[in-house]
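J.: My structure is in query23.cif, and what it holds is mmCIF, C-alpha atoms:
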data_model
loop_
_atom_site.label_atom_id
_atom_site.label_comp_id
_atom_site.auth_asym_id
_atom_site.auth_seq_id
_atom_site.Cartn_x
_atom_site.Cartn_y
_atom_site.Cartn_z
CA MET F 1 1.04 -10.78 24.59
CA LYS F 2 -0.20 -11.57 21.09
CA THR F 3 -0.02 -15.16 19.97
CA LEU F 4 0.89 -16.24 16.48
CA ASN F 5 -2.03 -17.29 14.37
CA THR F 6 -1.00 -20.64 12.87
CA LYS F 7 -3.26 -20.22 9.84
CA LYS F 8 -1.83 -16.80 9.08
CA LEU F 9 1.72 -18.04 9.53
CA ALA F 10 1.14 -20.98 7.17
CA ILE F 11 -0.49 -18.79 4.52
CA SER F 12 2.30 -16.24 4.91
CA GLY F 13 4.79 -19.04 4.19
CA ALA F 14 2.80 -20.07 1.12
CA PHE F 15 2.77 -16.46 -0.11
CA CYS F 16 6.54 -16.32 0.47
CA ALA F 17 6.95 -19.45 -1.67
CA VAL F 18 4.82 -17.94 -4.44
CA ALA F 19 6.97 -14.79 -4.36
CA VAL F 20 10.19 -16.80 -4.60
CA VAL F 21 8.93 -18.95 -7.48
CA GLY F 22 7.40 -15.86 -9.10
CA SER F 23 10.81 -14.18 -9.10
CA LEU F 24 11.76 -16.55 -11.91
CA PHE F 25 9.52 -14.31 -14.01
CA SER F 26 11.51 -11.11 -13.47
CA PHE F 27 12.88 -8.61 -15.94
CA PRO F 28 15.77 -6.13 -15.65
CA VAL F 29 15.10 -2.39 -15.61
CA PHE F 30 18.03 0.00 -15.02
CA GLY F 31 20.08 -2.33 -12.83
CA SER F 32 17.15 -3.66 -10.84
CA LYS F 33 15.40 -7.01 -11.26
CA CYS F 34 11.70 -6.19 -11.44
CA SER F 35 9.53 -8.91 -9.96
CA PRO F 36 5.84 -7.98 -10.22
CA VAL F 37 4.78 -11.25 -8.56
CA GLN F 38 6.45 -10.07 -5.34
CA HIS F 39 4.30 -6.94 -5.33
CA MET F 40 1.16 -8.92 -6.07
CA VAL F 41 1.99 -11.17 -3.12
CA ASN F 42 2.66 -8.11 -0.92
CA ILE F 43 -0.81 -6.77 -1.62
CA LEU F 44 -2.62 -10.09 -1.21
CA CYS F 45 -0.71 -10.82 1.99
CA ALA F 46 -1.38 -7.36 3.43
CA ILE F 47 -5.11 -7.54 2.73
CA LEU F 48 -5.61 -11.10 3.91
CA LEU F 49 -3.12 -11.27 6.78
CA GLY F 50 -2.18 -7.75 7.84
CA PRO F 51 0.91 -5.54 7.77
CA GLY F 52 3.08 -7.63 10.10
CA TYR F 53 2.66 -10.86 8.19
CA GLY F 54 3.04 -8.99 4.89
CA LEU F 55 6.34 -7.52 6.05
CA LEU F 56 7.49 -10.91 7.33
CA ALA F 57 6.66 -12.63 4.02
CA ALA F 58 8.38 -9.87 2.01
CA PHE F 59 11.54 -10.13 4.13
CA ALA F 60 11.62 -13.93 3.95
CA ALA F 61 11.05 -13.92 0.18
CA ALA F 62 13.83 -11.35 -0.36
CA TRP F 63 16.19 -13.36 1.83
CA ILE F 64 15.43 -16.66 0.07
CA ARG F 65 15.66 -15.03 -3.37
CA ASN F 66 19.12 -13.74 -2.48
CA LEU F 67 20.25 -17.08 -1.07
CA LEU F 68 19.14 -18.82 -4.27
CA GLY F 69 20.67 -16.18 -6.54
CA LEU F 70 17.27 -15.17 -7.91
CA GLY F 71 17.40 -11.60 -6.67
CA SER F 72 19.73 -8.84 -5.59
CA MET F 73 20.02 -6.87 -2.38
CA MET F 74 17.47 -4.52 -3.99
CA ALA F 75 14.85 -7.15 -3.16
CA PHE F 76 14.84 -5.96 0.47
CA PRO F 77 13.94 -2.28 0.02
CA GLY F 78 12.04 -3.15 -3.15
CA SER F 79 9.57 -5.37 -1.35
CA MET F 80 9.54 -4.61 2.36
CA PHE F 81 8.56 -0.93 2.24
CA GLY F 82 5.69 -1.64 -0.12
CA ALA F 83 4.42 -4.55 1.99
CA LEU F 84 4.45 -2.47 5.16
CA VAL F 85 2.83 0.67 3.72
CA CYS F 86 0.29 -1.42 1.83
CA GLY F 87 -0.67 -3.32 4.97
CA LEU F 88 -0.92 -0.17 7.06
CA ALA F 89 -3.04 1.56 4.41
CA TYR F 90 -5.44 -1.37 4.25
CA TRP F 91 -5.55 -1.69 8.04
CA LYS F 92 -6.45 2.00 8.40
CA TYR F 93 -8.87 2.47 5.48
CA LYS F 94 -10.15 -1.07 4.73
CA SER F 95 -9.92 -0.19 1.05
CA ILE F 96 -8.35 -2.27 -1.71
CA PHE F 97 -7.55 0.93 -3.59
CA ALA F 98 -5.73 2.37 -0.55
CA ALA F 99 -3.70 -0.84 -0.30
CA LEU F 100 -2.76 -0.64 -3.98
CA ILE F 101 -1.67 2.98 -3.63
CA GLY F 102 0.23 2.10 -0.44
CA GLU F 103 2.13 -0.67 -2.23
CA VAL F 104 3.03 1.55 -5.17
CA PHE F 105 4.07 4.50 -2.98
CA GLY F 106 5.92 2.36 -0.44
CA THR F 107 7.85 0.43 -3.06
CA ALA F 108 8.50 3.12 -5.66
CA VAL F 109 9.18 6.13 -3.46
CA LEU F 110 10.29 4.83 -0.05
CA GLY F 111 11.88 1.62 -1.33
CA GLY F 112 13.39 3.43 -4.32
CA LEU F 113 15.02 6.06 -2.10
CA CYS F 114 16.24 3.48 0.41
CA ALA F 115 17.74 1.40 -2.39
CA TYR F 116 20.38 4.07 -2.97
CA PRO F 117 22.29 3.44 0.29
CA VAL F 118 21.96 -0.31 -0.31
CA ALA F 119 23.50 0.13 -3.77
CA VAL F 120 26.31 2.35 -2.52
CA PHE F 121 27.22 0.86 0.86
CA ILE F 122 26.34 -2.82 0.41
CA MET F 123 26.61 -3.46 -3.32
CA GLY F 124 29.62 -1.16 -3.83
CA GLN F 125 28.15 1.10 -6.52
CA ASN F 126 29.94 4.38 -7.15
CA ALA F 127 27.88 7.09 -5.42
CA SER F 128 28.89 9.72 -7.96
CA GLN F 129 27.54 7.68 -10.87
CA ILE F 130 23.97 7.11 -9.69
CA PRO F 131 21.51 9.71 -8.45
CA VAL F 132 19.62 9.23 -5.18
CA TYR F 133 16.36 8.78 -7.08
CA ALA F 134 17.75 6.22 -9.58
CA TYR F 135 15.70 3.27 -8.34
CA ILE F 136 12.31 4.98 -8.13
CA PHE F 137 11.43 4.42 -11.80
CA PRO F 138 12.37 0.71 -12.02
CA PHE F 139 10.63 0.01 -8.73
CA LEU F 140 7.57 1.91 -9.99
CA ILE F 141 7.37 -0.28 -13.10
CA SER F 142 7.62 -3.46 -11.08
CA THR F 143 5.14 -2.47 -8.38
CA ALA F 144 2.62 -1.02 -10.85
CA ALA F 145 2.55 -4.31 -12.77
CA GLY F 146 2.06 -6.25 -9.54
CA ALA F 147 -0.64 -3.83 -8.38
CA VAL F 148 -2.61 -4.26 -11.60
CA CYS F 149 -2.44 -8.06 -11.33
CA SER F 150 -3.50 -8.06 -7.69
CA ALA F 151 -6.29 -5.55 -8.38
CA VAL F 152 -7.81 -7.95 -10.91
CA VAL F 153 -7.61 -10.83 -8.41
CA LEU F 154 -8.86 -8.84 -5.41
CA TYR F 155 -11.77 -7.09 -7.12
CA SER F 156 -12.87 -10.45 -8.55
CA LEU F 157 -12.70 -12.02 -5.10
CA LYS F 158 -14.57 -9.06 -3.61
CA GLN F 159 -17.32 -9.21 -6.21
CA SER F 160 -17.84 -12.93 -5.59
CA LYS F 161 -17.86 -12.31 -1.80
CA ALA F 162 -14.94 -14.74 -1.44
CA LEU F 163 -12.57 -12.06 -0.13
CA HIS F 164 -14.73 -11.35 2.91
CA SER F 165 -15.10 -15.07 3.61
CA MET F 166 -11.35 -15.58 3.40
CA GLN F 167 -10.72 -12.69 5.77
CA GLU F 168 -13.26 -14.03 8.27
CA ILE F 169 -11.71 -17.49 8.23
CA LEU F 170 -8.26 -16.05 8.87
CA GLU F 171 -9.47 -13.98 11.81
CA GLN F 172 -10.75 -17.01 13.72
#
Show me the file's structure as structure tokens.

T.:
Amino acid sequence: MKTLNTKKLAISGAFCAVAVVGSLFSFPVFGSKCSPVQHMVNILCAILLGPGYGLLAAFAAAWIRNLLGLGSMMAFPGSMFGALVCGLAYWKYKSIFAALIGEVFGTAVLGGLCAYPVAVFIMGQNASQIPVYAYIFPFLISTAAGAVCSAVVLYSLKQSKALHSMQEILEQ
């Protein structure tokens, strides 16, 4: 049985807090609150901690954002799919670029498509007034902005060799 890594759990909680506070800097796009900080956190969390902790942090941040009235139910599909696909892409390829593409694809396409049933069945939107693909574009804008921000941070950390050191410390 795997044991929880206390360091990873603590850093995952810190990333969750950053995502919640970062949601104060959101902007509306077609009925969705775009929060690029959440996507930046997804990518950083996935690369430093792995897909499981990334998914956990994304879920916790979405839940807390909803409890505090800082987000909508769209926060769940809008963050969790990207965090999971991003983490799996990095785990398989060990490439920052693969993680960035995973976050964008997971959030925009998978999260965008899964947002439709959330909008219709949970939020009470009229199914005949919104197309199935309605949330792909707003999610794409949000995740692309977060991916660009995290790319700057991650490639800077990689160039300074700090990224590898951070990953080694978290694996102990």

J.: Residues proximal to (17.0, 4.1, -8.7) were defined as those with any atom within 12 Å of that point in the file's coordinates, counting all atoms listed in the file. Which are they, as an MDAnalysis selection string?

T.: chainID F and resid 29:34 74 77:78 107:120 125 127 129:141

J.: Would you translate the PyMOL selection byres ((chain F and resi 97) around 12) into the concrete set of residues it matches in this file, as number ranges by chain?

T.: F: 43, 47, 86-87, 89-90, 93-96, 98-104, 147-148, 150-152, 154-155

J.: Could you work out how far CA of Leu70 in chain F lies from CA of Leu55 in chain F, giving the answer in Å with one decimal?

T.: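 Computed distance, CA of Leu55 in chain F to CA of Leu70 in chain F, equals 19.3 Å.
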
J.: Tell me, as a count of residues only, which residues lie within 9 Å of Pro36 in chain F, counting all atoms listed in the file; anything in the same chain fewer than 6 positions away does not count.

T.: 12

J.: To one decimal place, how far is CA of Val37 in chain F from CA of Val21 in chain F in Å?

T.: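 Separating CA of Val37 in chain F from CA of Val21 in chain F is a distance of 8.8 Å.
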
J.: Quick check, in Å to one decimal: how far apart do CA of Val85 in chain F and CA of Gly124 in chain F lie?

T.: 27.9 Å

J.: Nearest residue to Thr6 in chain F out of F:Ala83, F:Glu171, F:Lys161, F:Gly71, using all atoms listed in the file?

T.: F:Glu171

J.: For the file shown, report as a PDB file with C-alpha atoms, keeping the file's coordinate frame the outcome of the PyMOL selection byres ((chain F and resi 167) around 12) at residue level.

T.:
ATOM      1  CA  LYS F   7      -3.260 -20.220   9.840  1.00  0.00           C
ATOM      2  CA  LYS F   8      -1.830 -16.800   9.080  1.00  0.00           C
ATOM      3  CA  ILE F  11      -0.490 -18.790   4.520  1.00  0.00           C
ATOM      4  CA  LEU F  44      -2.620 -10.090  -1.210  1.00  0.00           C
ATOM      5  CA  CYS F  45      -0.710 -10.820   1.990  1.00  0.00           C
ATOM      6  CA  ALA F  46      -1.380  -7.360   3.430  1.00  0.00           C
ATOM      7  CA  ILE F  47      -5.110  -7.540   2.730  1.00  0.00           C
ATOM      8  CA  LEU F  48      -5.610 -11.100   3.910  1.00  0.00           C
ATOM      9  CA  LEU F  49      -3.120 -11.270   6.780  1.00  0.00           C
ATOM     10  CA  GLY F  50      -2.180  -7.750   7.840  1.00  0.00           C
ATOM     11  CA  LYS F  94     -10.150  -1.070   4.730  1.00  0.00           C
ATOM     12  CA  LEU F 154      -8.860  -8.840  -5.410  1.00  0.00           C
ATOM     13  CA  LEU F 157     -12.700 -12.020  -5.100  1.00  0.00           C
ATOM     14  CA  LYS F 158     -14.570  -9.060  -3.610  1.00  0.00           C
ATOM     15  CA  LYS F 161     -17.860 -12.310  -1.800  1.00  0.00           C
ATOM     16  CA  ALA F 162     -14.940 -14.740  -1.440  1.00  0.00           C
ATOM     17  CA  LEU F 163     -12.570 -12.060  -0.130  1.00  0.00           C
ATOM     18  CA  HIS F 164     -14.730 -11.350   2.910  1.00  0.00           C
ATOM     19  CA  SER F 165     -15.100 -15.070   3.610  1.00  0.00           C
ATOM     20  CA  MET F 166     -11.350 -15.580   3.400  1.00  0.00           C
ATOM     21  CA  GLU F 168     -13.260 -14.030   8.270  1.00  0.00           C
ATOM     22  CA  ILE F 169     -11.710 -17.490   8.230  1.00  0.00           C
ATOM     23  CA  LEU F 170      -8.260 -16.050   8.870  1.00  0.00           C
ATOM     24  CA  GLU F 171      -9.470 -13.980  11.810  1.00  0.00           C
ATOM     25  CA  GLN F 172     -10.750 -17.010  13.720  1.00  0.00           C
TER      26      GLN F 172
END

J.: Box along x, y and z, 8 Å on every side, all listed atoms of range 142-152 of chain F inside: centre and edge lengths in Å to one decimal, as lines of an AutoDock Vina configuration file.

T.:
center_x = -0.1
center_y = -4.5
center_z = -10.2
size_x = 31.4
size_y = 23.0
size_z = 21.1

J.: Leaving out range 13-17 of chain F and any residue of its chain fewer than 4 positions from it, which residues lie within 7 Å of it when counting only C-alpha atoms, given as JSON, numbers by chain?

T.: {"F": [9, 21, 41, 45, 57, 58, 60, 61]}

J.: Find the residue from F:Gly52, F:Pro28, F:Gly82, F:Gly69 that sits nearest to Ser12 in chain F; use only C-alpha atoms when measuring.

T.: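 Closest to Ser12 in chain F of all the choices is F:Gly52.
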